[in-house]
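Visitor: Below is the file target38.cif, which contains mmCIF, C-alpha atoms.
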data_upload
#
loop_
_atom_site.label_atom_id
_atom_site.label_comp_id
_atom_site.auth_asym_id
_atom_site.auth_seq_id
_atom_site.Cartn_x
_atom_site.Cartn_y
_atom_site.Cartn_z
CA MET R 225 -26.85 55.49 -160.75
CA ALA R 226 -27.61 56.54 -164.30
CA ARG R 227 -30.97 54.83 -163.98
CA ILE R 228 -31.84 56.80 -160.83
CA ALA R 229 -30.91 60.07 -162.50
CA GLU R 230 -32.92 59.30 -165.60
CA ALA R 231 -35.89 58.34 -163.47
CA ALA R 232 -35.55 61.72 -161.72
CA GLY R 233 -35.95 63.54 -165.02
CA MET R 234 -32.43 64.34 -166.22
CA ASP R 235 -31.10 63.58 -169.69
CA ASP R 236 -27.69 62.73 -171.03
CA VAL R 237 -26.44 61.17 -167.83
CA ASN R 238 -22.84 59.99 -167.66
CA SER R 239 -21.35 58.53 -164.52
CA SER R 240 -17.96 57.06 -163.80
CA ALA R 241 -16.97 55.34 -160.58
CA THR R 242 -13.49 54.20 -159.59
CA PRO R 243 -12.51 52.97 -156.13
CA THR R 244 -11.28 56.46 -155.19
CA SER R 245 -13.75 58.83 -156.84
CA ILE R 246 -17.23 59.07 -158.31
CA ILE R 247 -17.99 61.48 -161.16
CA ILE R 248 -21.47 62.18 -162.49
CA SER R 249 -22.41 64.63 -165.19
CA PHE R 250 -25.92 65.35 -166.44
CA ARG R 251 -28.01 67.85 -168.36
CA CYS R 252 -31.03 69.33 -166.65
CA LYS R 253 -33.26 72.07 -168.10
CA GLY R 254 -30.68 72.98 -170.74
CA LEU R 255 -27.74 73.33 -168.32
CA ASP R 256 -24.82 70.96 -167.89
CA HIS R 257 -23.85 69.97 -164.38
CA THR R 258 -20.85 67.94 -163.22
CA ARG R 259 -20.11 66.76 -159.74
CA MET R 260 -17.17 64.75 -158.47
CA VAL R 261 -16.79 63.16 -155.04
CA ARG R 262 -13.57 61.68 -153.72
CA THR R 263 -13.72 58.78 -151.30
CA PRO R 264 -10.69 58.97 -149.00
CA MET R 265 -11.97 56.42 -146.45
CA ARG R 266 -13.12 53.10 -147.75
CA THR R 267 -14.61 50.24 -145.82
CA ILE R 268 -16.31 47.13 -147.05
CA ASN R 269 -19.94 46.91 -146.05
CA LEU R 270 -21.99 44.62 -148.23
CA ASN R 271 -25.09 45.30 -146.15
CA LYS R 272 -25.08 48.97 -147.18
CA ILE R 273 -24.63 47.99 -150.81
CA THR R 274 -27.63 45.69 -150.56
CA LEU R 275 -29.80 48.37 -148.91
CA VAL R 276 -28.81 51.06 -151.44
CA ASN R 277 -29.46 48.63 -154.28
CA ASP R 278 -32.92 47.99 -152.85
CA VAL R 279 -33.69 51.73 -152.60
CA SER R 280 -32.53 52.28 -156.18
CA ARG R 281 -34.73 49.46 -157.48
CA ARG R 282 -37.79 50.77 -155.67
CA PHE R 283 -37.18 54.33 -156.84
CA VAL R 284 -36.77 53.33 -160.47
CA GLY R 285 -39.82 51.10 -160.14
CA GLY R 286 -41.77 54.18 -159.00
CA SER R 287 -42.94 52.91 -155.61
CA ILE R 288 -41.18 55.73 -153.64
CA THR R 289 -40.63 59.41 -154.43
CA LEU R 290 -37.33 61.33 -154.66
CA ASP R 291 -37.61 62.81 -151.15
CA GLN R 292 -38.38 59.43 -149.64
CA ALA R 293 -35.40 57.90 -151.44
CA TYR R 294 -33.07 60.67 -150.23
CA PHE R 295 -34.32 60.27 -146.67
CA THR R 296 -33.81 56.50 -146.78
CA LEU R 297 -30.29 56.92 -148.16
CA CYS R 298 -29.39 59.34 -145.36
CA GLU R 299 -30.75 56.85 -142.87
CA ILE R 300 -28.60 54.08 -144.40
CA ASP R 301 -25.53 56.31 -144.23
CA GLN R 302 -26.05 57.03 -140.53
CA LYS R 303 -26.69 53.41 -139.66
CA LYS R 304 -24.27 51.63 -137.38
CA PRO R 305 -22.45 48.57 -138.71
CA LEU R 306 -24.67 45.52 -138.71
CA TYR R 307 -22.42 43.47 -136.48
CA PRO R 308 -20.59 44.86 -133.43
CA LYS R 309 -16.78 44.97 -133.48
CA TRP R 310 -16.26 42.05 -131.14
CA MET R 311 -18.47 39.87 -133.28
CA GLN R 312 -16.36 40.66 -136.35
CA HIS R 313 -13.17 39.78 -134.50
CA MET R 314 -14.76 36.53 -133.34
CA ALA R 315 -15.77 35.87 -136.93
CA ALA R 316 -12.17 36.39 -138.04
CA ALA R 317 -11.06 33.91 -135.39
CA PHE R 318 -13.65 31.34 -136.50
CA ALA R 319 -12.73 31.77 -140.15
CA SER R 320 -9.02 31.35 -139.45
CA GLY R 321 -9.49 28.34 -137.21
CA SER R 322 -11.75 26.44 -139.54
CA PHE R 323 -9.70 27.30 -142.62
CA SER R 324 -6.55 25.98 -140.98
CA MET R 325 -8.41 22.75 -140.20
CA LEU R 326 -9.52 22.61 -143.84
CA THR R 327 -5.94 22.75 -145.08
CA GLY R 328 -5.12 19.66 -143.07
CA GLY R 329 -4.48 20.73 -139.50
CA THR R 330 -5.17 18.65 -136.41
CA TRP R 331 -7.53 19.65 -133.60
CA TYR R 332 -4.58 21.07 -131.67
CA ASP R 333 -3.89 23.59 -134.45
CA LEU R 334 -7.41 25.00 -134.20
CA ALA R 335 -7.01 27.23 -131.14
CA PRO R 336 -3.61 28.80 -131.98
CA SER R 337 -4.61 29.66 -135.52
CA ALA R 338 -7.92 31.10 -134.33
CA LEU R 339 -5.98 33.27 -131.88
CA ALA R 340 -3.54 34.30 -134.60
CA GLY R 341 -6.44 35.28 -136.87
CA LEU R 342 -7.93 37.29 -134.01
CA ILE R 343 -4.62 39.09 -133.51
CA VAL R 344 -4.37 39.83 -137.24
CA ASN R 345 -7.84 41.33 -137.36
CA LEU R 346 -7.42 43.32 -134.12
CA SER R 347 -4.11 44.79 -135.22
CA LEU R 348 -5.58 45.56 -138.64
CA GLU R 349 -8.24 47.66 -136.96
CA TYR R 350 -6.04 49.44 -134.42
CA LEU R 351 -3.10 50.11 -136.73
CA GLU R 352 -5.45 51.61 -139.30
CA GLN R 353 -6.17 54.47 -136.90
CA PHE R 354 -2.49 55.47 -136.65
CA VAL R 355 -1.07 54.47 -140.02
CA ARG R 356 -2.99 55.91 -142.95
CA MET R 357 -1.41 53.49 -145.38
CA LYS R 358 -3.48 50.41 -146.11
CA PHE R 359 -0.71 48.18 -147.39
CA PHE R 360 1.65 48.90 -144.54
CA THR R 361 -1.18 48.19 -142.10
CA GLU R 362 -1.79 44.83 -143.73
CA PHE R 363 1.91 44.07 -143.76
CA SER R 364 2.31 44.76 -140.05
CA ALA R 365 -0.87 42.88 -139.16
CA ALA R 366 0.44 39.84 -141.05
CA LEU R 367 3.79 40.22 -139.32
CA LEU R 368 2.16 40.29 -135.85
CA GLY R 369 0.02 37.24 -136.64
CA GLY R 370 3.07 35.40 -137.93
CA LEU R 371 5.05 36.32 -134.82
CA PHE R 372 2.25 34.88 -132.68
CA ALA R 373 2.37 31.67 -134.74
CA LEU R 374 6.14 31.54 -134.23
CA LEU R 375 5.68 32.01 -130.48
CA ALA R 376 3.05 29.26 -130.32
CA VAL R 377 5.29 26.85 -132.21
CA THR R 378 8.27 27.69 -130.00
CA LEU R 379 6.24 26.99 -126.87
CA PHE R 380 4.55 23.83 -128.20
CA PRO R 381 6.78 22.13 -130.79
CA GLN R 382 4.13 19.58 -131.78
CA LEU R 383 2.04 22.27 -133.56
CA HIS R 384 2.45 22.83 -137.32
CA ILE R 385 3.63 26.36 -138.10
CA SER R 386 2.61 26.05 -141.76
CA ILE R 387 -1.01 25.37 -140.85
CA ILE R 388 -1.13 28.17 -138.28
CA ILE R 389 0.36 30.75 -140.66
CA ILE R 390 -1.97 29.75 -143.51
CA GLY R 391 -4.95 30.11 -141.18
CA ALA R 392 -3.74 33.39 -139.69
CA MET R 393 -3.40 35.10 -143.07
CA LEU R 394 -7.00 34.33 -144.07
CA PRO R 395 -8.55 37.61 -142.76
CA LEU R 396 -6.16 39.48 -145.08
CA PHE R 397 -7.13 37.53 -148.20
CA PRO R 398 -8.38 40.13 -150.73
CA GLY R 399 -11.38 38.09 -151.85
CA ILE R 400 -13.80 40.95 -152.22
CA ALA R 401 -11.32 43.04 -154.20
CA ILE R 402 -10.76 40.16 -156.63
CA THR R 403 -14.48 39.51 -157.07
CA ASN R 404 -15.33 43.18 -157.58
CA SER R 405 -12.42 43.69 -159.97
CA LEU R 406 -13.62 40.78 -162.12
CA ARG R 407 -17.18 42.06 -162.10
CA ASP R 408 -16.04 45.54 -163.12
CA LEU R 409 -13.81 44.17 -165.87
CA MET R 410 -16.66 42.04 -167.21
CA ALA R 411 -19.03 45.01 -167.15
CA GLY R 412 -16.52 47.02 -169.23
CA ASP R 413 -15.36 49.39 -166.47
CA LEU R 414 -11.71 48.81 -167.24
CA VAL R 415 -10.27 51.56 -165.01
CA ALA R 416 -12.18 50.45 -161.92
CA GLY R 417 -11.44 46.78 -162.58
CA VAL R 418 -7.72 47.25 -163.10
CA SER R 419 -7.30 49.52 -160.08
CA ARG R 420 -9.09 47.04 -157.84
CA GLY R 421 -7.02 44.22 -159.26
CA VAL R 422 -3.81 46.10 -158.47
CA GLU R 423 -5.10 46.70 -154.94
CA ALA R 424 -5.71 42.96 -154.48
CA MET R 425 -2.26 42.15 -155.85
CA LEU R 426 -0.50 44.65 -153.56
CA THR R 427 -2.30 43.17 -150.54
CA ALA R 428 -1.27 39.67 -151.56
CA VAL R 429 2.34 40.78 -152.04
CA SER R 430 2.51 42.49 -148.64
CA VAL R 431 1.14 39.37 -146.93
CA ALA R 432 3.62 37.20 -148.82
CA VAL R 433 6.57 39.39 -147.80
CA ALA R 434 5.47 39.32 -144.16
CA THR R 435 5.25 35.52 -144.32
CA ALA R 436 8.71 35.35 -145.86
CA ILE R 437 10.15 37.46 -143.04
CA ILE R 438 8.57 35.19 -140.42
CA LEU R 439 9.92 32.09 -142.16
CA TRP R 440 13.35 33.71 -142.31
CA PHE R 441 13.22 34.20 -138.53
CA MET R 442 12.36 30.53 -138.15
CA ARG R 443 15.19 29.25 -140.31
CA MET E 70 -13.54 13.21 -143.15
CA LEU E 71 -15.68 14.71 -145.89
CA LEU E 72 -18.37 15.61 -143.36
CA LYS E 73 -15.80 17.35 -141.20
CA GLY E 74 -14.58 19.33 -144.21
CA LEU E 75 -18.13 20.28 -145.12
CA ALA E 76 -18.88 21.55 -141.62
CA LEU E 77 -15.59 23.44 -141.48
CA SER E 78 -16.10 25.10 -144.85
CA LEU E 79 -19.63 26.10 -143.82
CA VAL E 80 -18.35 27.70 -140.60
CA SER E 81 -15.45 29.36 -142.40
CA SER E 82 -17.62 30.90 -145.12
CA MET E 83 -20.25 32.06 -142.64
CA ALA E 84 -17.59 33.72 -140.49
CA TRP E 85 -16.20 35.40 -143.60
CA CYS E 86 -19.69 36.70 -144.36
CA VAL E 87 -19.89 38.29 -140.90
CA LEU E 88 -16.45 39.83 -141.44
CA PHE E 89 -17.75 41.68 -144.49
CA ASN E 90 -21.09 42.82 -143.05
CA VAL E 91 -23.46 40.91 -145.30
CA PRO E 92 -27.17 41.15 -144.38
CA VAL E 93 -28.26 38.70 -141.69
CA ARG E 94 -30.70 36.78 -143.86
CA THR E 95 -28.00 35.87 -146.39
CA ILE E 96 -25.30 34.58 -144.03
CA PHE E 97 -26.46 30.99 -144.23
CA ALA E 98 -26.75 31.14 -148.02
CA GLY E 99 -23.14 32.35 -148.21
CA GLY E 100 -22.10 29.43 -146.01
CA VAL E 101 -23.92 27.03 -148.31
CA ALA E 102 -22.10 28.52 -151.31
CA GLY E 103 -18.77 27.87 -149.59
CA MET E 104 -19.84 24.34 -148.70
CA VAL E 105 -20.81 23.55 -152.29
CA GLY E 106 -17.48 24.94 -153.50
CA PHE E 107 -15.59 22.73 -151.08
CA LEU E 108 -17.71 19.68 -151.97
CA VAL E 109 -17.10 20.03 -155.71
CA SER E 110 -13.40 20.77 -155.33
CA SER E 111 -12.92 17.73 -153.09
CA LEU E 112 -15.04 15.34 -155.18
CA LEU E 113 -13.49 16.11 -158.58
CA PRO E 114 -9.97 14.82 -157.75
CA ILE E 115 -11.58 11.39 -157.17
CA LEU E 116 -12.47 11.43 -160.87
CA ASN E 117 -8.79 12.11 -161.71
CA ALA E 118 -9.30 15.83 -162.33
CA GLU E 119 -6.31 18.17 -162.04
CA VAL E 120 -6.28 20.77 -159.27
CA LEU E 121 -6.66 23.54 -161.84
CA LEU E 122 -9.68 21.93 -163.48
CA SER E 123 -11.40 21.19 -160.19
CA THR E 124 -10.78 24.74 -158.95
CA PHE E 125 -12.13 26.20 -162.17
CA VAL E 126 -15.26 24.01 -162.13
CA SER E 127 -15.99 24.67 -158.47
CA ALA E 128 -15.49 28.43 -158.87
CA ALA E 129 -17.85 28.39 -161.86
CA ILE E 130 -20.44 26.43 -159.87
CA VAL E 131 -20.09 28.81 -156.90
CA SER E 132 -20.54 31.77 -159.24
CA LEU E 133 -23.63 30.31 -160.93
CA LEU E 134 -25.09 29.37 -157.55
CA SER E 135 -24.54 32.85 -156.16
CA GLN E 136 -26.14 34.45 -159.20
CA GLY E 137 -29.15 32.17 -158.74
CA MET E 138 -29.38 32.94 -155.03
CA SER E 139 -29.02 36.67 -155.73
CA ILE E 140 -32.08 36.50 -157.96
CA TYR E 141 -33.99 34.43 -155.39
CA LEU E 142 -33.07 36.55 -152.32
CA ARG E 143 -32.89 39.89 -154.23
CA VAL E 144 -29.43 40.98 -153.06
CA PRO E 145 -26.24 41.57 -155.09
CA SER E 146 -24.47 38.33 -155.95
CA THR E 147 -21.14 39.53 -154.48
CA ASN E 148 -22.59 38.66 -151.07
CA PHE E 149 -22.40 34.96 -151.85
CA SER E 150 -19.51 34.57 -154.27
CA VAL E 151 -17.05 36.27 -151.91
CA ALA E 152 -17.76 33.72 -149.22
CA GLY E 153 -18.05 30.88 -151.71
CA ILE E 154 -14.47 31.08 -152.98
CA ILE E 155 -12.95 30.95 -149.48
CA PRO E 156 -12.46 27.14 -149.37
CA LEU E 157 -10.74 27.30 -152.79
CA VAL E 158 -7.99 29.72 -151.74
CA PRO E 159 -4.56 28.21 -152.50
CA GLY E 160 -3.12 29.08 -149.09
CA SER E 161 -0.95 26.03 -148.72
CA LEU E 162 0.63 26.42 -152.19
CA ALA E 163 1.47 30.08 -151.51
CA TYR E 164 3.00 29.18 -148.17
CA ARG E 165 5.14 26.42 -149.66
CA SER E 166 6.41 28.73 -152.38
CA MET E 167 7.43 31.35 -149.80
CA LEU E 168 9.14 28.61 -147.76
CA ALA E 169 11.13 27.51 -150.80
CA PHE E 170 12.21 31.09 -151.53
CA VAL E 171 13.39 31.58 -147.96
CA ASN E 172 15.39 28.35 -148.11
CA ASN E 173 17.26 29.60 -151.22
CA ASN E 174 15.42 27.02 -153.28
CA TYR E 175 14.50 29.46 -156.03
CA ILE E 176 13.54 27.02 -158.77
CA GLU E 177 10.99 25.23 -156.60
CA GLY E 178 9.80 28.59 -155.30
CA ILE E 179 9.12 29.88 -158.80
CA THR E 180 7.39 26.63 -159.76
CA LEU E 181 5.10 26.80 -156.75
CA ALA E 182 4.46 30.54 -157.18
CA THR E 183 3.45 29.95 -160.79
CA LYS E 184 1.15 27.15 -159.67
CA THR E 185 -0.40 29.46 -157.06
CA LEU E 186 -0.96 32.16 -159.66
CA MET E 187 -2.54 29.62 -161.99
CA VAL E 188 -4.92 28.40 -159.30
CA ALA E 189 -5.84 32.02 -158.54
CA GLY E 190 -6.40 32.52 -162.26
CA ALA E 191 -8.60 29.42 -162.32
CA ILE E 192 -10.75 30.87 -159.52
CA ALA E 193 -10.98 34.17 -161.40
CA SER E 194 -11.89 32.57 -164.71
CA GLY E 195 -14.47 30.34 -163.02
CA LEU E 196 -16.12 33.43 -161.53
CA ILE E 197 -15.99 35.15 -164.93
CA PHE E 198 -17.55 32.07 -166.55
CA GLY E 199 -20.50 32.15 -164.16
CA ILE E 200 -21.03 35.90 -164.58
CA SER E 201 -20.89 35.73 -168.36
CA VAL E 202 -23.26 32.77 -168.58
CA VAL E 203 -25.87 34.70 -166.59
CA THR E 204 -25.28 37.84 -168.65
CA ILE E 205 -25.68 35.91 -171.91
CA VAL E 206 -28.89 34.25 -170.70
CA LYS E 207 -30.27 37.65 -169.62
CA GLY E 208 -29.27 39.16 -172.97
CA ALA E 209 -30.95 36.36 -174.89
CA ARG E 210 -34.17 36.83 -172.92
CA HIS E 211 -34.02 40.58 -173.51
CA ALA E 212 -33.50 40.08 -177.25
CA GLY E 213 -36.45 37.68 -177.36
CA LYS E 214 -38.67 40.29 -175.72
CA ARG E 215 -37.55 42.95 -178.14
CA ALA E 216 -38.38 40.76 -181.11
CA GLN E 217 -41.99 40.29 -180.02
#
Have the structure of the file written as structure tokens, please.
Guide:
Amino acid sequence: MARIAEAAGMDDVNSSATPTSIIISFRCKGLDHTRMVRTPMRTINLNKITLVNDVSRRFVGGSITLDQAYFTLCEIDQKKPLYPKWMQHMAAAFASGSFSMLTGGTWYDLAPSALAGLIVNLSLEYLEQFVRMKFFTEFSAALLGGLFALLAVTLFPQLHISIIIIGAMLPLFPGIAITNSLRDLMAGDLVAGVSRGVEAMLTAVSVAVATAIILWFMR
Amino acid sequence: MLLKGLALSLVSSMAWCVLFNVPVRTIFAGGVAGMVGFLVSSLLPILNAEVLLSTFVSAAIVSLLSQGMSIYLRVPSTNFSVAGIIPLVPGSLAYRSMLAFVNNNYIEGITLATKTLMVAGAIASGLIFGISVVTIVKGARHAGKRAQ
């Protein structure tokens, strides 16, 4: 961001980005300007990051002008998600099913854990519209997936509940938060890194508590 | 058995890539990163490596590989490393620790929870290792240019 601003002819650029707000301050023609933007809604879209990164590289390299860059960024913002919703839910199901097989499940465990992963991802999406609290959403999604696993094991006792629960919780694994937090910490952005790390830890704790409740039902 | 694991880790990592909206041309590369991570973490125990060591080494290899692929494909390296660490997630350890807690078996629960945290720390430090190696190499090249 600082590189874009300097390429656009501003001096003394300072920018600070945390997961909830972006602050940039710069000096242009002898006047100081500061702007802060809060980000109340966050989604994870690595495709957008890639496209924005590409625009920034080309702008700094001088192959496009400021207006062209702004136009391209607006276009990226308006773009629909790369994959339709149903494809993402199917992907969650595939990920859960194959991960449960990786942790030592049999072929019979594949379908129930894929279904449980599908339920977790679906409920994550639909609950997010009603409940504006991310951690409670994750907690209830994990609870629903675990309840489905419990139901499947009650109906077919030869399935392994451990395998199904491990597979079902995979769509909630905060992998991207962990990776980004480490990258921020390594780059010296301590505030952003620590806040992302806490986010990852809270997600992990809510999933663990939901699992514990399911296991307590089973006892 | 190993082939089955390789195919499953490939599918799992590719599905995880779709879940996080990575660009279409990098899905397969993310799957390959996951496959390499699984391969290394399942081959090292044959050489009598501990689970922590094998997790650390495979996370470091995944991180280095994703940095290399990010330079080759010109996309941020998060695209690959996020999918690459999926087969290393200590899901079974975490589950067993929760099971022990629920069964009032607190000592075993704490042991397993500590082990889970250490494996997670091994993944994190492996990723950090890869990132810092690339940063140091870049810095060295930059310093060489400046000296000329």
Visitor: Per residue of chain R within 6 Å of chain E, note the shortest atom pair and the distance in Å to one decimal, counting only C-alpha atoms, and order the rows by chain and increasing residue number, as CSV.
Guide:
residue,atom,partner,partner_atom,distance
R:Asn269,CA,E:Asn90,CA,5.2
R:Leu270,CA,E:Val91,CA,5.0
R:Asn271,CA,E:Val91,CA,4.8
R:Thr274,CA,E:Val144,CA,5.6
R:Gln312,CA,E:Leu88,CA,5.2
R:Ala315,CA,E:Ala84,CA,4.5
R:Ala319,CA,E:Ser81,CA,4.3
R:Ser322,CA,E:Leu77,CA,5.2
R:Ile390,CA,E:Gly160,CA,5.7
R:Gly399,CA,E:Val151,CA,6.0
R:Ile400,CA,E:Val151,CA,5.7
R:Ala436,CA,E:Met167,CA,5.8
Visitor: Given all atoms listed in the file as the basis, pick out the residue of E:Lys184, E:Asn173, E:Ser111, E:Gly208 nearest to R:Trp440.
Guide: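 Using all atoms listed in the file, R:Trp440 sits closest to E:Asn173.
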Visitor: Taking all atoms of stretch 423-439 of chain R that the file lists, what box with edges along x, y and z, padded by 3 Å per side, do you get, with centre and edge lengths in Å to one decimal, as JSON?
Guide:
{"center_x": 2.2, "center_y": 39.4, "center_z": -148.1, "size_x": 21.9, "size_y": 20.6, "size_z": 21.4}
Visitor: For a test of reading the model, state the distance in Å between atom CA of R:Met425 and atom CA of R:Phe397, rounded to one decimal.
Guide: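 Straight-line distance from atom CA of R:Met425 to atom CA of R:Phe397 works out to 10.2 Å.
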Visitor: The PyMOL selection byres ((chain R and resi 427-431) around 7) on the file shown: which residues, as a list in words?
Guide: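 What the PyMOL selection byres ((chain R and resi 427-431) around 7) grabs from the file is Phe359, Glu362, Phe363, Ala366, Pro398, Glu423, Ala424, Met425, Leu426, Ala432, Val433, Ala434 and Thr435 of chain R.
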Visitor: Can you work out which one of R:Phe318, R:Phe295, R:Phe441, R:Phe354 has the shortest atom-to-atom distance to R:Gly370, counting all atoms listed in the file?
Guide: R:Phe441
Visitor: Running the PyMOL selection byres ((chain R and resi 375) around 12) on this model by hand, what would come out? Give it as a PyMOL selection string.
Guide: chain R and resi 336-337+339-340+368-374+376-381+383-385+388-389+438+441-442
Visitor: Go ahead and save the residues from that selection, with C-alpha atoms, as a PDB file, in the coordinates of the input.
Guide:
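Wrote out07.pdb, looks like this:
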ATOM      1  CA  PRO R 336      -3.610  28.800-131.980  1.00  0.00           C
ATOM      2  CA  SER R 337      -4.610  29.660-135.520  1.00  0.00           C
ATOM      3  CA  LEU R 339      -5.980  33.270-131.880  1.00  0.00           C
ATOM      4  CA  ALA R 340      -3.540  34.300-134.600  1.00  0.00           C
ATOM      5  CA  LEU R 368       2.160  40.290-135.850  1.00  0.00           C
ATOM      6  CA  GLY R 369       0.020  37.240-136.640  1.00  0.00           C
ATOM      7  CA  GLY R 370       3.070  35.400-137.930  1.00  0.00           C
ATOM      8  CA  LEU R 371       5.050  36.320-134.820  1.00  0.00           C
ATOM      9  CA  PHE R 372       2.250  34.880-132.680  1.00  0.00           C
ATOM     10  CA  ALA R 373       2.370  31.670-134.740  1.00  0.00           C
ATOM     11  CA  LEU R 374       6.140  31.540-134.230  1.00  0.00           C
ATOM     12  CA  ALA R 376       3.050  29.260-130.320  1.00  0.00           C
ATOM     13  CA  VAL R 377       5.290  26.850-132.210  1.00  0.00           C
ATOM     14  CA  THR R 378       8.270  27.690-130.000  1.00  0.00           C
ATOM     15  CA  LEU R 379       6.240  26.990-126.870  1.00  0.00           C
ATOM     16  CA  PHE R 380       4.550  23.830-128.200  1.00  0.00           C
ATOM     17  CA  PRO R 381       6.780  22.130-130.790  1.00  0.00           C
ATOM     18  CA  LEU R 383       2.040  22.270-133.560  1.00  0.00           C
ATOM     19  CA  HIS R 384       2.450  22.830-137.320  1.00  0.00           C
ATOM     20  CA  ILE R 385       3.630  26.360-138.100  1.00  0.00           C
ATOM     21  CA  ILE R 388      -1.130  28.170-138.280  1.00  0.00           C
ATOM     22  CA  ILE R 389       0.360  30.750-140.660  1.00  0.00           C
ATOM     23  CA  ILE R 438       8.570  35.190-140.420  1.00  0.00           C
ATOM     24  CA  PHE R 441      13.220  34.200-138.530  1.00  0.00           C
ATOM     25  CA  MET R 442      12.360  30.530-138.150  1.00  0.00           C
TER      26      MET R 442
END
Visitor: Env of E:Val109: 9 Å cut, atoms = only C-alpha atoms, seq-sep filter 3 positions within chain, self excluded. Answer as a PyMOL selection string.
Guide: chain E and resi 104-106+112-113+123-124+126-127+130
Visitor: Could you work out how far atom CA of E:Ala102 lies from atom CA of E:Ser135, giving the answer in Å with one decimal?
Guide: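 Interatomic distance here is 6.9 Å.
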Visitor: For the atom pair atom CA of R:Tyr307 and atom CA of E:Leu133, what is the interatomic distance in Å to one decimal place?
Guide: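 Atom CA of E:Leu133 lies at a distance of 27.8 Å from atom CA of R:Tyr307.
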Visitor: In terms of the shortest atom-to-atom distance over all atoms listed in the file, which of E:Leu116, E:Ser132, E:Leu157, E:Thr180 is closest to R:Thr403?
Guide: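 Smallest distance to R:Thr403 is found for E:Ser132.
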Visitor: Can you sort out stretch 407-420 of chain R so it carries N, CA and C atoms, written as a CSV table (one decimal), keeping the file's coordinate frame?
Guide:
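Now in part21.csv:
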chain,number,residue,atom,x,y,z
R,407,ARG,N,-15.9,41.6,-161.7
R,407,ARG,CA,-17.2,42.1,-162.1
R,407,ARG,C,-17.1,43.4,-162.9
R,408,ASP,N,-16.2,44.3,-162.4
R,408,ASP,CA,-16.0,45.5,-163.1
R,408,ASP,C,-15.5,45.3,-164.5
R,409,LEU,N,-14.4,44.4,-164.6
R,409,LEU,CA,-13.8,44.2,-165.9
R,409,LEU,C,-14.8,43.6,-166.8
R,410,MET,N,-15.7,42.7,-166.3
R,410,MET,CA,-16.7,42.0,-167.2
R,410,MET,C,-17.7,43.0,-167.7
R,411,ALA,N,-18.0,44.0,-166.8
R,411,ALA,CA,-19.0,45.0,-167.2
R,411,ALA,C,-18.5,46.1,-168.1
R,412,GLY,N,-17.1,46.1,-168.3
R,412,GLY,CA,-16.5,47.0,-169.2
R,412,GLY,C,-15.9,48.2,-168.5
R,413,ASP,N,-16.0,48.3,-167.2
R,413,ASP,CA,-15.4,49.4,-166.5
R,413,ASP,C,-13.9,49.1,-166.3
R,414,LEU,N,-13.1,49.3,-167.3
R,414,LEU,CA,-11.7,48.8,-167.2
R,414,LEU,C,-10.9,49.5,-166.2
R,415,VAL,N,-11.1,50.8,-166.0
R,415,VAL,CA,-10.3,51.6,-165.0
R,415,VAL,C,-10.6,51.0,-163.6
R,416,ALA,N,-11.8,50.9,-163.3
R,416,ALA,CA,-12.2,50.4,-161.9
R,416,ALA,C,-11.7,49.0,-161.7
R,417,GLY,N,-11.9,48.2,-162.7
R,417,GLY,CA,-11.4,46.8,-162.6
R,417,GLY,C,-10.0,46.7,-162.4
R,418,VAL,N,-9.2,47.4,-163.2
R,418,VAL,CA,-7.7,47.2,-163.1
R,418,VAL,C,-7.2,47.8,-161.8
R,419,SER,N,-7.8,49.0,-161.3
R,419,SER,CA,-7.3,49.5,-160.1
R,419,SER,C,-7.6,48.6,-158.9
R,420,ARG,N,-8.8,48.0,-158.9
R,420,ARG,CA,-9.1,47.0,-157.8
R,420,ARG,C,-8.2,45.8,-157.9
